[in-house]
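Shown next: query38.cif, given as mmCIF, C-alpha atoms.
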```cif
data_start
#
loop_
_atom_site.label_atom_id
_atom_site.label_comp_id
_atom_site.auth_asym_id
_atom_site.auth_seq_id
_atom_site.Cartn_x
_atom_site.Cartn_y
_atom_site.Cartn_z
CA MET A 1193 34.20 -63.44 -21.63
CA LYS A 1194 35.31 -63.65 -25.24
CA GLY A 1195 35.88 -66.41 -27.76
CA ASN A 1196 33.90 -69.05 -29.62
CA THR A 1197 31.05 -70.53 -27.59
CA LEU A 1198 29.69 -74.07 -27.60
CA VAL A 1199 25.97 -73.90 -26.74
CA PHE A 1200 24.79 -77.20 -25.24
CA ILE A 1201 21.03 -77.72 -25.02
CA TYR A 1202 19.33 -80.91 -23.79
CA ASN A 1203 16.13 -79.79 -25.56
CA SER A 1204 14.94 -79.93 -29.15
CA PHE A 1205 15.42 -77.04 -31.54
CA LYS A 1206 11.65 -76.58 -31.89
CA ASP A 1207 10.98 -76.78 -28.15
CA PRO A 1208 9.28 -73.47 -27.24
CA LEU A 1209 11.52 -73.18 -24.16
CA PHE A 1210 14.59 -73.11 -26.40
CA GLN A 1211 13.00 -70.98 -29.12
CA ASN A 1212 11.65 -68.30 -26.76
CA LEU A 1213 14.62 -68.19 -24.41
CA MET A 1214 18.09 -69.36 -25.44
CA LEU A 1215 17.75 -68.99 -29.20
CA SER A 1216 16.33 -65.51 -28.74
CA TYR A 1217 19.33 -64.55 -26.58
CA LEU A 1218 21.84 -66.05 -29.02
CA LYS A 1219 20.35 -64.04 -31.87
CA THR A 1220 20.90 -60.91 -29.79
CA LEU A 1221 24.51 -61.79 -28.96
CA ALA A 1222 25.64 -63.12 -32.34
CA PRO A 1223 25.68 -59.82 -34.31
CA ASN A 1224 28.01 -58.30 -31.69
CA ARG A 1225 30.94 -60.39 -32.97
CA VAL A 1226 31.81 -61.94 -29.63
CA GLY A 1227 32.82 -65.12 -31.47
CA LYS A 1228 31.03 -67.91 -33.25
CA PHE A 1229 28.37 -70.11 -31.64
CA TYR A 1230 28.27 -73.88 -32.14
CA LEU A 1231 24.85 -75.15 -31.10
CA ILE A 1232 24.15 -78.74 -29.99
CA THR A 1233 20.54 -79.80 -29.42
CA PHE A 1234 18.96 -83.19 -28.68
CA GLU A 1235 16.03 -83.78 -31.02
CA GLN A 1236 12.90 -85.48 -29.70
CA VAL A 1237 10.22 -87.24 -31.76
CA ARG A 1238 7.51 -84.78 -30.68
CA TYR A 1239 9.50 -81.87 -32.17
CA ARG A 1240 10.56 -83.73 -35.32
CA MET A 1241 11.67 -81.59 -38.26
CA SER A 1242 11.99 -82.65 -41.89
CA LYS A 1243 15.40 -82.62 -43.59
CA GLU A 1244 14.31 -79.57 -45.56
CA GLU A 1245 13.26 -77.71 -42.39
CA LYS A 1246 16.58 -78.52 -40.73
CA LEU A 1247 18.53 -77.36 -43.77
CA ILE A 1248 16.64 -74.06 -43.93
CA ALA A 1249 17.16 -73.47 -40.18
CA LYS A 1250 20.88 -74.23 -40.43
CA LYS A 1251 21.34 -71.83 -43.33
CA GLU A 1252 19.50 -69.01 -41.55
CA LEU A 1253 21.50 -69.49 -38.35
CA ALA A 1254 24.83 -69.69 -40.22
CA LYS A 1255 24.20 -66.19 -41.58
CA ILE A 1256 24.71 -64.86 -38.03
CA ASP A 1257 27.54 -67.26 -37.10
CA ILE A 1258 25.40 -69.81 -35.24
CA PHE A 1259 26.18 -73.33 -36.44
CA TRP A 1260 23.67 -76.01 -35.48
CA LEU A 1261 24.65 -79.66 -34.90
CA PRO A 1262 21.64 -81.76 -33.77
CA LEU A 1263 21.86 -85.07 -31.90
CA LYS A 1264 19.12 -87.60 -31.13
CA PHE A 1265 17.40 -87.60 -27.71
CA HIS A 1266 16.94 -90.99 -26.01
CA THR A 1267 14.41 -91.85 -23.31
CA GLY A 1268 12.12 -94.65 -22.10
CA LYS A 1269 13.16 -97.99 -20.61
CA PHE A 1270 16.71 -98.39 -19.29
CA LEU A 1271 16.77 -94.62 -18.76
CA LEU A 1272 20.21 -94.45 -17.14
CA LEU A 1273 21.81 -96.38 -20.00
CA LYS A 1274 20.16 -94.09 -22.54
CA LYS A 1275 21.30 -90.98 -20.68
CA ALA A 1276 24.81 -92.44 -20.55
CA TRP A 1277 24.63 -92.91 -24.31
CA ASP A 1278 23.51 -89.27 -24.77
CA LEU A 1279 26.39 -88.21 -22.53
CA LEU A 1280 28.88 -90.19 -24.63
CA CYS A 1281 27.52 -88.88 -27.95
CA GLY A 1282 27.53 -85.38 -26.55
CA PHE A 1283 31.08 -85.71 -25.26
CA LEU A 1284 32.40 -86.94 -28.63
CA LEU A 1285 30.74 -84.08 -30.52
CA VAL A 1286 31.74 -81.47 -27.94
CA SER A 1287 35.34 -82.74 -28.05
CA TRP A 1288 35.43 -82.48 -31.83
CA ILE A 1289 34.04 -78.93 -31.76
CA ARG A 1290 36.44 -77.92 -28.98
CA ILE A 1291 39.44 -79.11 -30.99
CA ARG A 1292 38.21 -78.08 -34.43
CA TYR A 1293 36.87 -74.61 -33.57
CA ARG A 1294 38.77 -73.77 -30.38
CA THR A 1295 35.68 -73.03 -28.31
CA GLN A 1296 36.57 -71.42 -24.98
CA ILE A 1297 33.09 -71.37 -23.39
CA ILE A 1298 30.33 -73.95 -22.97
CA PHE A 1299 26.95 -72.28 -22.45
CA CYS A 1300 24.20 -74.55 -21.05
CA PHE A 1301 20.46 -74.13 -20.61
CA ALA A 1302 18.94 -75.54 -17.37
CA ASN A 1303 20.36 -78.08 -14.99
CA VAL A 1304 20.35 -81.31 -17.00
CA SER A 1305 22.38 -79.56 -19.70
CA ALA A 1306 24.51 -77.97 -16.98
CA SER A 1307 25.26 -81.40 -15.49
CA PHE A 1308 26.55 -82.61 -18.86
CA GLY A 1309 28.33 -79.29 -19.34
CA TYR A 1310 30.12 -79.61 -16.00
CA VAL A 1311 31.64 -82.93 -17.11
CA PHE A 1312 32.63 -81.55 -20.52
CA SER A 1313 34.11 -78.35 -19.11
CA ARG A 1314 36.31 -80.23 -16.63
CA PHE A 1315 37.66 -82.68 -19.21
CA LEU A 1316 38.05 -80.17 -22.04
CA ASN A 1317 39.12 -77.06 -20.11
CA MET A 1318 36.31 -74.71 -21.09
CA LYS A 1319 34.59 -72.01 -19.06
CA LEU A 1320 31.09 -73.06 -17.98
CA MET A 1321 28.08 -70.72 -18.20
CA VAL A 1322 24.60 -71.79 -17.11
CA TYR A 1323 21.30 -70.03 -17.80
CA SER A 1324 18.14 -71.03 -15.89
CA TYR A 1325 19.93 -72.90 -13.10
CA GLU A 1326 17.18 -74.74 -11.17
CA PRO A 1327 17.57 -77.96 -9.12
CA HIS A 1328 15.66 -80.36 -11.40
CA SER A 1329 16.48 -83.44 -9.31
CA GLU A 1330 15.01 -81.77 -6.21
CA PHE A 1331 11.80 -80.95 -8.11
CA MET A 1332 11.40 -84.60 -9.10
CA VAL A 1333 11.70 -85.72 -5.48
CA ASP A 1334 9.40 -82.96 -4.17
CA LEU A 1335 6.66 -84.00 -6.58
CA GLY A 1336 6.99 -87.70 -5.85
CA TYR A 1337 8.37 -88.89 -9.20
CA TRP A 1338 11.74 -89.90 -7.77
CA SER A 1339 12.99 -90.97 -4.37
CA SER A 1340 16.07 -89.44 -2.78
CA SER A 1341 17.47 -92.98 -2.66
CA ASP A 1342 17.11 -93.48 -6.44
CA PHE A 1343 20.40 -93.89 -8.27
CA LYS A 1344 19.28 -91.46 -11.01
CA TYR A 1345 18.49 -88.83 -8.37
CA ARG A 1346 21.86 -89.23 -6.67
CA ILE A 1347 23.75 -88.92 -9.96
CA LEU A 1348 21.86 -85.89 -11.27
CA ASN A 1349 21.77 -84.17 -7.89
CA LYS A 1350 25.52 -84.52 -7.45
CA LEU A 1351 26.26 -83.24 -10.95
CA GLU A 1352 23.80 -80.33 -10.59
CA TRP A 1353 25.49 -79.07 -7.44
CA LYS A 1354 28.96 -79.68 -8.92
CA ALA A 1355 27.94 -77.43 -11.81
CA GLY A 1356 26.58 -74.91 -9.32
CA MET A 1357 29.82 -74.86 -7.36
CA HIS A 1358 32.32 -74.84 -10.22
CA ALA A 1359 30.68 -72.93 -13.08
CA ASP A 1360 32.22 -69.61 -14.08
CA VAL A 1361 28.86 -67.86 -14.56
CA ILE A 1362 25.39 -68.82 -13.34
CA MET A 1363 22.18 -67.02 -14.23
CA THR A 1364 19.34 -68.26 -12.07
CA GLY A 1365 15.70 -67.29 -11.84
CA THR A 1366 15.33 -66.16 -8.24
CA LYS A 1367 17.11 -64.42 -5.40
CA TRP A 1368 16.53 -67.63 -3.39
CA MET A 1369 18.83 -69.66 -5.64
CA VAL A 1370 21.47 -66.93 -5.64
CA GLU A 1371 21.43 -66.99 -1.83
CA GLU A 1372 21.57 -70.81 -1.70
CA LEU A 1373 24.55 -70.99 -4.07
CA GLN A 1374 26.32 -68.31 -2.04
CA ARG A 1375 25.61 -70.24 1.15
CA ARG A 1376 27.12 -73.39 -0.36
CA GLY A 1377 30.25 -71.50 -1.44
CA SER A 1378 29.83 -71.36 -5.22
CA ASN A 1379 32.81 -70.08 -7.17
CA ALA A 1380 30.59 -68.72 -9.95
CA LYS A 1381 29.66 -65.17 -10.75
CA LEU A 1382 25.99 -65.27 -9.76
CA PHE A 1383 23.21 -63.29 -11.43
CA ARG A 1384 19.48 -63.21 -10.71
CA ALA A 1385 17.90 -63.65 -14.12
CA PRO A 1386 14.24 -64.73 -14.11
CA THR A 1387 13.06 -66.45 -17.29
CA ALA A 1388 11.88 -63.72 -19.61
CA VAL A 1389 10.08 -63.03 -22.88
CA ASP A 1390 10.45 -60.44 -25.61
CA PRO A 1391 8.26 -57.37 -24.92
CA ASN A 1392 8.23 -56.62 -28.65
CA ILE A 1393 6.46 -59.95 -29.27
CA PHE A 1394 4.44 -60.45 -26.08
CA LYS A 1395 2.47 -57.25 -25.98
CA PRO A 1396 -1.16 -56.24 -25.54
CA SER A 1397 -3.35 -55.87 -28.62
CA PRO A 1398 -6.99 -54.72 -28.31
CA GLU A 1399 -7.49 -55.68 -31.96
CA LEU A 1400 -6.32 -59.26 -31.39
CA ARG A 1401 -8.43 -59.46 -28.25
CA LYS A 1402 -11.55 -58.46 -30.14
CA SER A 1403 -10.94 -60.75 -33.14
CA ILE A 1404 -10.03 -63.87 -31.14
CA ARG A 1405 -12.92 -63.48 -28.70
CA LYS A 1406 -15.25 -63.22 -31.68
CA LYS A 1407 -13.62 -66.22 -33.39
CA ILE A 1408 -14.00 -68.52 -30.38
CA MET A 1409 -17.42 -67.10 -29.49
CA ILE A 1410 -16.67 -65.41 -26.18
CA GLU A 1411 -19.21 -62.78 -25.19
CA ASN A 1412 -18.13 -59.31 -24.04
CA HIS A 1413 -19.34 -59.91 -20.48
CA GLU A 1414 -17.54 -63.26 -20.06
CA ARG A 1415 -14.39 -63.37 -17.93
CA VAL A 1416 -11.77 -65.63 -19.51
CA PHE A 1417 -9.22 -67.49 -17.38
CA ILE A 1418 -6.39 -68.92 -19.49
CA TYR A 1419 -4.02 -71.77 -18.70
CA VAL A 1420 -1.06 -72.23 -21.06
CA GLY A 1421 1.13 -75.27 -20.54
CA LYS A 1422 1.36 -78.96 -19.80
CA PHE A 1423 -0.58 -81.20 -17.44
CA GLY A 1424 1.29 -83.62 -15.19
CA GLY A 1425 5.02 -84.01 -14.68
CA LEU A 1426 6.27 -80.81 -13.05
CA TYR A 1427 2.78 -79.28 -13.32
CA TYR A 1428 -0.64 -79.92 -11.82
CA GLU A 1429 -2.94 -82.37 -13.52
CA GLU A 1430 -6.32 -82.57 -11.73
CA GLY A 1431 -5.41 -79.51 -9.66
CA ILE A 1432 -6.00 -77.18 -12.61
CA PRO A 1433 -9.62 -78.20 -13.43
CA ARG A 1434 -10.29 -78.44 -9.69
CA LEU A 1435 -9.23 -74.80 -9.25
CA CYS A 1436 -11.32 -73.82 -12.28
CA LYS A 1437 -14.34 -75.51 -10.69
CA HIS A 1438 -13.95 -73.39 -7.54
CA ILE A 1439 -13.60 -70.21 -9.63
CA PHE A 1440 -16.64 -71.14 -11.73
CA GLU A 1441 -18.74 -71.60 -8.61
CA ASN A 1442 -17.69 -68.29 -7.05
CA ILE A 1443 -17.09 -65.84 -9.92
CA ASP A 1444 -19.86 -64.88 -12.34
CA SER A 1445 -19.64 -65.34 -16.11
CA CYS A 1446 -16.46 -67.44 -16.20
CA LYS A 1447 -15.00 -69.26 -19.17
CA PHE A 1448 -11.75 -71.23 -19.27
CA LEU A 1449 -9.34 -71.28 -22.21
CA ILE A 1450 -6.82 -74.14 -22.06
CA VAL A 1451 -3.82 -74.05 -24.41
CA THR A 1452 -1.83 -77.27 -24.09
CA SER A 1453 0.25 -79.80 -26.01
CA ASN A 1454 -1.32 -82.65 -24.01
CA ASP A 1455 -3.85 -84.94 -25.72
CA HIS A 1456 -6.98 -82.79 -26.09
CA LYS A 1457 -9.43 -85.67 -25.68
CA GLU A 1458 -7.82 -86.61 -22.38
CA ILE A 1459 -7.81 -83.01 -21.14
CA SER A 1460 -11.42 -82.52 -22.24
CA ALA A 1461 -12.44 -85.65 -20.31
CA LEU A 1462 -10.51 -84.36 -17.29
CA PHE A 1463 -12.24 -80.95 -17.32
CA SER A 1464 -15.64 -82.54 -17.90
CA LYS A 1465 -15.37 -84.17 -14.48
CA TYR A 1466 -15.41 -80.72 -12.86
CA LEU A 1467 -17.09 -78.26 -15.23
CA PRO A 1468 -19.93 -78.00 -17.76
CA THR A 1469 -18.59 -78.66 -21.25
CA ASP A 1470 -19.68 -75.23 -22.51
CA SER A 1471 -17.54 -73.48 -19.87
CA PHE A 1472 -14.14 -74.45 -21.29
CA ILE A 1473 -12.30 -74.39 -24.62
CA ILE A 1474 -9.25 -76.57 -25.26
CA THR A 1475 -6.74 -75.80 -27.98
CA GLY A 1476 -3.02 -76.15 -28.55
CA ASN A 1477 -0.11 -76.54 -30.99
CA LEU A 1478 -0.70 -72.92 -31.96
CA SER A 1479 1.39 -70.55 -34.00
CA GLN A 1480 2.96 -67.74 -32.01
CA GLU A 1481 0.40 -65.31 -33.44
CA ASP A 1482 -2.49 -67.55 -32.36
CA LEU A 1483 -1.00 -67.92 -28.87
CA LEU A 1484 -0.69 -64.16 -28.59
CA GLY A 1485 -4.32 -63.89 -29.67
CA CYS A 1486 -5.43 -66.32 -26.97
CA LEU A 1487 -3.46 -64.46 -24.31
CA ASN A 1488 -4.98 -61.16 -25.38
CA ALA A 1489 -8.46 -62.68 -25.37
CA ALA A 1490 -8.08 -63.60 -21.68
CA ASP A 1491 -8.68 -61.64 -18.48
CA PHE A 1492 -6.64 -63.77 -16.04
CA GLY A 1493 -3.72 -66.19 -16.32
CA ILE A 1494 -3.18 -69.41 -14.36
CA SER A 1495 0.31 -70.71 -13.48
CA GLY A 1496 0.08 -74.46 -12.87
CA VAL A 1497 3.13 -75.17 -10.71
CA PRO A 1498 2.36 -77.16 -7.52
CA PRO A 1499 3.92 -75.87 -4.28
CA SER A 1500 6.85 -77.74 -2.75
CA PRO A 1501 9.97 -76.75 -0.80
CA ASN A 1502 12.19 -76.30 -3.86
CA GLN A 1503 9.70 -74.55 -6.16
CA LYS A 1504 10.94 -71.21 -4.86
CA TYR A 1505 13.99 -71.80 -7.07
CA ARG A 1506 11.85 -72.15 -10.18
CA SER A 1507 10.95 -69.41 -12.68
CA PRO A 1508 7.89 -70.37 -14.81
CA THR A 1509 7.99 -68.81 -18.27
CA LYS A 1510 4.20 -68.54 -18.58
CA VAL A 1511 4.03 -65.92 -15.81
CA ALA A 1512 6.37 -63.77 -17.88
CA GLU A 1513 4.03 -64.13 -20.87
CA TYR A 1514 0.98 -63.23 -18.78
CA MET A 1515 2.68 -60.17 -17.29
CA LEU A 1516 3.98 -58.78 -20.58
CA ILE A 1517 0.50 -59.13 -22.11
CA GLY A 1518 -0.86 -57.32 -19.03
CA LEU A 1519 -2.80 -60.18 -17.44
CA PRO A 1520 -3.21 -60.63 -13.69
CA TYR A 1521 -2.34 -64.20 -12.71
CA ILE A 1522 -3.05 -66.95 -10.18
CA THR A 1523 -0.12 -68.77 -8.59
CA THR A 1524 0.57 -71.00 -5.63
CA SER A 1525 2.60 -69.66 -2.73
CA GLY A 1526 6.34 -70.23 -2.73
CA VAL A 1527 6.89 -70.48 -6.49
CA ALA A 1528 9.76 -68.29 -7.70
CA GLU A 1529 9.14 -64.70 -6.63
CA ASP A 1530 5.82 -64.70 -8.48
CA ASP A 1531 3.79 -64.81 -5.27
CA ILE A 1532 5.75 -61.87 -3.82
CA TYR A 1533 5.21 -59.77 -6.97
CA ALA A 1534 1.51 -60.70 -7.11
CA ILE A 1535 0.90 -59.40 -3.60
CA LYS A 1536 3.34 -56.48 -3.51
CA HIS A 1537 2.21 -54.98 -6.81
CA GLN A 1538 -1.42 -56.18 -6.65
CA ILE A 1539 -1.13 -57.91 -10.01
CA GLY A 1540 -2.19 -61.42 -9.07
CA VAL A 1541 -3.70 -63.80 -6.55
CA VAL A 1542 -1.95 -66.41 -4.41
CA THR A 1543 -3.40 -69.63 -3.03
CA PRO A 1544 -1.62 -72.38 -1.04
CA ASP A 1545 -2.64 -75.30 -3.27
CA PHE A 1546 -4.97 -75.77 -6.25
CA ASN A 1547 -6.23 -79.00 -4.69
CA MET A 1548 -7.77 -77.06 -1.77
CA ALA A 1549 -10.82 -74.81 -1.91
CA PRO A 1550 -9.52 -71.21 -1.70
CA ASP A 1551 -10.61 -68.89 1.11
CA PRO A 1552 -13.17 -66.10 0.42
CA PRO A 1553 -10.48 -63.35 0.14
CA PHE A 1554 -9.08 -65.22 -2.89
CA TYR A 1555 -12.30 -64.61 -4.85
CA LYS A 1556 -12.63 -61.06 -3.56
CA THR A 1557 -9.16 -60.23 -4.92
CA ILE A 1558 -10.01 -61.79 -8.28
CA GLU A 1559 -13.24 -59.78 -8.47
CA GLY A 1560 -11.37 -56.58 -7.67
CA LEU A 1561 -8.87 -57.19 -10.46
CA LEU A 1562 -11.62 -58.11 -12.93
CA LEU A 1563 -13.43 -54.85 -12.15
CA GLU A 1564 -10.33 -52.69 -12.72
CA GLU A 1565 -10.39 -50.58 -15.88
CA LYS A 1566 -8.82 -52.85 -18.53
CA THR A 1567 -6.47 -50.41 -20.27
CA ASP A 1568 -5.06 -49.06 -17.00
CA GLN A 1569 -4.62 -52.59 -15.64
CA VAL A 1570 -2.79 -53.81 -18.74
CA ASP A 1571 -0.39 -50.86 -18.64
CA ARG A 1572 0.22 -51.28 -14.91
CA ILE A 1573 0.93 -55.02 -15.03
CA ARG A 1574 3.08 -54.75 -18.16
CA ARG A 1575 5.28 -52.11 -16.49
CA VAL A 1576 5.95 -54.51 -13.61
CA GLY A 1577 6.53 -57.35 -16.07
CA ILE A 1578 9.11 -55.38 -18.05
CA GLU A 1579 11.03 -54.66 -14.85
CA TYR A 1580 10.79 -58.28 -13.64
CA ARG A 1581 10.54 -60.59 -16.67
CA SER A 1582 11.62 -58.78 -19.82
CA LYS A 1583 14.11 -60.24 -22.31
CA GLU A 1584 15.76 -56.83 -22.46
CA ARG A 1585 17.15 -57.40 -18.94
CA ILE A 1586 18.70 -60.73 -19.96
CA ASP A 1587 20.16 -59.22 -23.14
CA GLU A 1588 21.76 -56.48 -21.05
CA LEU A 1589 23.16 -59.03 -18.62
CA LEU A 1590 24.64 -61.18 -21.41
CA ARG A 1591 26.26 -58.13 -22.98
CA LYS A 1592 27.86 -57.39 -19.62
CA ILE A 1593 29.09 -60.99 -19.25
CA TYR A 1594 30.54 -61.00 -22.78
CA GLY A 1595 32.04 -57.55 -22.31
CA ILE A 1596 30.13 -55.90 -25.13
#
```

Produce structure tokens that represent the structure in this file.
Amino acid sequence: MKGNTLVFIYNSFKDPLFQNLMLSYLKTLAPNRVGKFYLITFEQVRYRMSKEEKLIAKKELAKIDIFWLPLKFHTGKFLLLKKAWDLLCGFLLVSWIRIRYRTQIIFCFANVSASFGYVFSRFLNMKLMVYSYEPHSEFMVDLGYWSSSDFKYRILNKLEWKAGMHADVIMTGTKWMVEELQRRGSNAKLFRAPTAVDPNIFKPSPELRKSIRKKIMIENHERVFIYVGKFGGLYYEEGIPRLCKHIFENIDSCKFLIVTSNDHKEISALFSKYLPTDSFIITGNLSQEDLLGCLNAADFGISGVPPSPNQKYRSPTKVAEYMLIGLPYITTSGVAEDDIYAIKHQIGVVTPDFNMAPDPPFYKTIEGLLLEEKTDQVDRIRRVGIEYRSKERIDELLRKIYGI
């Protein structure tokens, strides 16, 4: 695939999901002169940037032929009307870019963007590429936020599967989604492409481990379990401190490090219901260096995705970060292929549901991993992570798609 590409993102520019995934991939592709990239994002209040910050970002991106055109994200009451307005604004800007810069490809991140992109590609005769194709509407029903009879579900679900059937290229996180799209008769070229992180950034550092543990007053003998991510929505809320309570009661010398963008007072109150206040530390809104320090300071990662029938199609980014740092992880069964890798390669622990007390073998497996020699364990897990969740694999795949 050659030609100018319109990159359509229904996330903010500063959203870590965009920064660590799509933007990283675009910066790899752009120097190869496969065409220019015209980037549309939808800016949310929580990721607000000043005019000066936007100007600096635009200038830096333009140096490598990525041209950023931000739009405003709308949400809240009258959600369908606001999404229709975003669709209209997006369509007008996409149409202008298509005509002005002769873009041949529209490249979308995740299924909400892909649903918009499907509409645009059909009206404006562009090839459609989707990265991180996951059935968002099905997740919302599984977790009880929507009903299958809701109008918003029916609209998004229909558009998601239309995109899945008629896209030119789909990169999806698991073999399960590849198989499901094949079963439904998708016309797309299908690639298994789990969400990934850069191994040159997410890497083990004994020096960082030592300095951060000293900074946050973690003793050498303490075993640190880290959770990085949100609470609620598509993730557990009470399930995470409930799991930590069970671990605390069954594993000696535990401490819990929580890195989240949620309100820290609320999360502290939530954890205090289950654990002594001196057993957990809550932080968040960290620089990348500080996040890497926290990950290195830990001994075990926690992935907070609740189990449901469609979670096997999901590919949580945090597991990639844990693996590339060399951390064993805890996951629920049936999420992505993370449970399969945990068991097959002995790099993690699987439990049916964080809201249930785990069986004794769960704790025995954790203890075994905690007793493993640290340097050997880090090397072993990182090797598996590079094979499974490394950005280098996605870069290679995109070069193949673009014919580089």

Residues near stretch 1428-1431 of chain A, cut-off 10 Å, all atoms listed in the file, skip fewer than 5 positions along chain, as a list in words
Leu1335, Lys1422, Phe1423, Cys1436, Lys1437, Ile1459, Leu1462, Phe1463, Lys1465, Tyr1466, Ser1495, Gly1496, Val1497, Pro1498, Pro1499, Asp1545, Phe1546, Asn1547 and Met1548 of chain A

What do you get, as a PyMOL selection string, if you spell out every residue that the PyMOL selection byres ((chain A and resi 1356) around 12) selects here?
chain A and resi 1300+1302-1304+1306-1307+1309-1310+1320-1327+1349-1355+1357-1364+1369-1370+1372-1382

What does the file look like for those residues with C-alpha atoms, as an mmCIF file, in the frame of the given file?
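Here's the written file out38.cif:
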```cif
data_model
loop_
_atom_site.group_PDB
_atom_site.id
_atom_site.type_symbol
_atom_site.label_atom_id
_atom_site.label_comp_id
_atom_site.auth_asym_id
_atom_site.auth_seq_id
_atom_site.Cartn_x
_atom_site.Cartn_y
_atom_site.Cartn_z
ATOM 1 C CA CYS A 1300 24.200 -74.550 -21.050
ATOM 2 C CA ALA A 1302 18.940 -75.540 -17.370
ATOM 3 C CA ASN A 1303 20.360 -78.080 -14.990
ATOM 4 C CA VAL A 1304 20.350 -81.310 -17.000
ATOM 5 C CA ALA A 1306 24.510 -77.970 -16.980
ATOM 6 C CA SER A 1307 25.260 -81.400 -15.490
ATOM 7 C CA GLY A 1309 28.330 -79.290 -19.340
ATOM 8 C CA TYR A 1310 30.120 -79.610 -16.000
ATOM 9 C CA LEU A 1320 31.090 -73.060 -17.980
ATOM 10 C CA MET A 1321 28.080 -70.720 -18.200
ATOM 11 C CA VAL A 1322 24.600 -71.790 -17.110
ATOM 12 C CA TYR A 1323 21.300 -70.030 -17.800
ATOM 13 C CA SER A 1324 18.140 -71.030 -15.890
ATOM 14 C CA TYR A 1325 19.930 -72.900 -13.100
ATOM 15 C CA GLU A 1326 17.180 -74.740 -11.170
ATOM 16 C CA PRO A 1327 17.570 -77.960 -9.120
ATOM 17 C CA ASN A 1349 21.770 -84.170 -7.890
ATOM 18 C CA LYS A 1350 25.520 -84.520 -7.450
ATOM 19 C CA LEU A 1351 26.260 -83.240 -10.950
ATOM 20 C CA GLU A 1352 23.800 -80.330 -10.590
ATOM 21 C CA TRP A 1353 25.490 -79.070 -7.440
ATOM 22 C CA LYS A 1354 28.960 -79.680 -8.920
ATOM 23 C CA ALA A 1355 27.940 -77.430 -11.810
ATOM 24 C CA MET A 1357 29.820 -74.860 -7.360
ATOM 25 C CA HIS A 1358 32.320 -74.840 -10.220
ATOM 26 C CA ALA A 1359 30.680 -72.930 -13.080
ATOM 27 C CA ASP A 1360 32.220 -69.610 -14.080
ATOM 28 C CA VAL A 1361 28.860 -67.860 -14.560
ATOM 29 C CA ILE A 1362 25.390 -68.820 -13.340
ATOM 30 C CA MET A 1363 22.180 -67.020 -14.230
ATOM 31 C CA THR A 1364 19.340 -68.260 -12.070
ATOM 32 C CA MET A 1369 18.830 -69.660 -5.640
ATOM 33 C CA VAL A 1370 21.470 -66.930 -5.640
ATOM 34 C CA GLU A 1372 21.570 -70.810 -1.700
ATOM 35 C CA LEU A 1373 24.550 -70.990 -4.070
ATOM 36 C CA GLN A 1374 26.320 -68.310 -2.040
ATOM 37 C CA ARG A 1375 25.610 -70.240 1.150
ATOM 38 C CA ARG A 1376 27.120 -73.390 -0.360
ATOM 39 C CA GLY A 1377 30.250 -71.500 -1.440
ATOM 40 C CA SER A 1378 29.830 -71.360 -5.220
ATOM 41 C CA ASN A 1379 32.810 -70.080 -7.170
ATOM 42 C CA ALA A 1380 30.590 -68.720 -9.950
ATOM 43 C CA LYS A 1381 29.660 -65.170 -10.750
ATOM 44 C CA LEU A 1382 25.990 -65.270 -9.760
#
```

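Counting all atoms listed in the file and comparing A:Thr1543, A:Gln1538, A:Ser1453, A:Gln1211, the residue that lies closest to A:Gly1476 is A:Ser1453.
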
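Considering only C-alpha atoms, the residue among A:Lys1566, A:Lys1592, A:Lys1255, A:Lys1319 positioned nearest to A:Arg1401 is A:Lys1566.
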
Around stretch 1288-1302 of chain A, with edges along x, y and z and 3 Å added on all six sides, what centre and edge lengths do you get, in Å to one decimal, as JSON?
```
{"center_x": 29.2, "center_y": -76.9, "center_z": -25.9, "size_x": 26.5, "size_y": 17.1, "size_z": 23.1}
```

By how many Å are atom CA of A:Asp1342 and atom CA of A:Ser1329 apart?
10.5 Å

Spatial neighbours of A:Asn1477, 12 Å, only C-alpha atoms, chain gap at least 3 places, as a ChimeraX atom specification
/A:1206-1208,1238-1239,1420-1422,1450-1456,1474,1480-1483

Which residues, written as a PyMOL selection string, have at least one atom at most 10 Å from A:Val1286, with all atoms listed in the file counted and residues fewer than 4 positions away on the same chain left out?
chain A and resi 1198-1200+1230-1232+1280-1282+1290-1292+1295+1298+1309+1312-1313+1316

Given the PyMOL selection byres ((chain A and resi 1472) around 7) and the file above, list the residues it selects as a ChimeraX atom specification.
/A:1447-1449,1469-1471,1473-1474

10 Å contact set for stretch 1259-1274 of chain A, only C-alpha atoms, chain neighbours under 6 positions out, as a PyMOL selection string
chain A and resi 1198-1205+1228-1237+1246-1247+1249-1253+1280-1282+1285+1289+1343-1344+1347
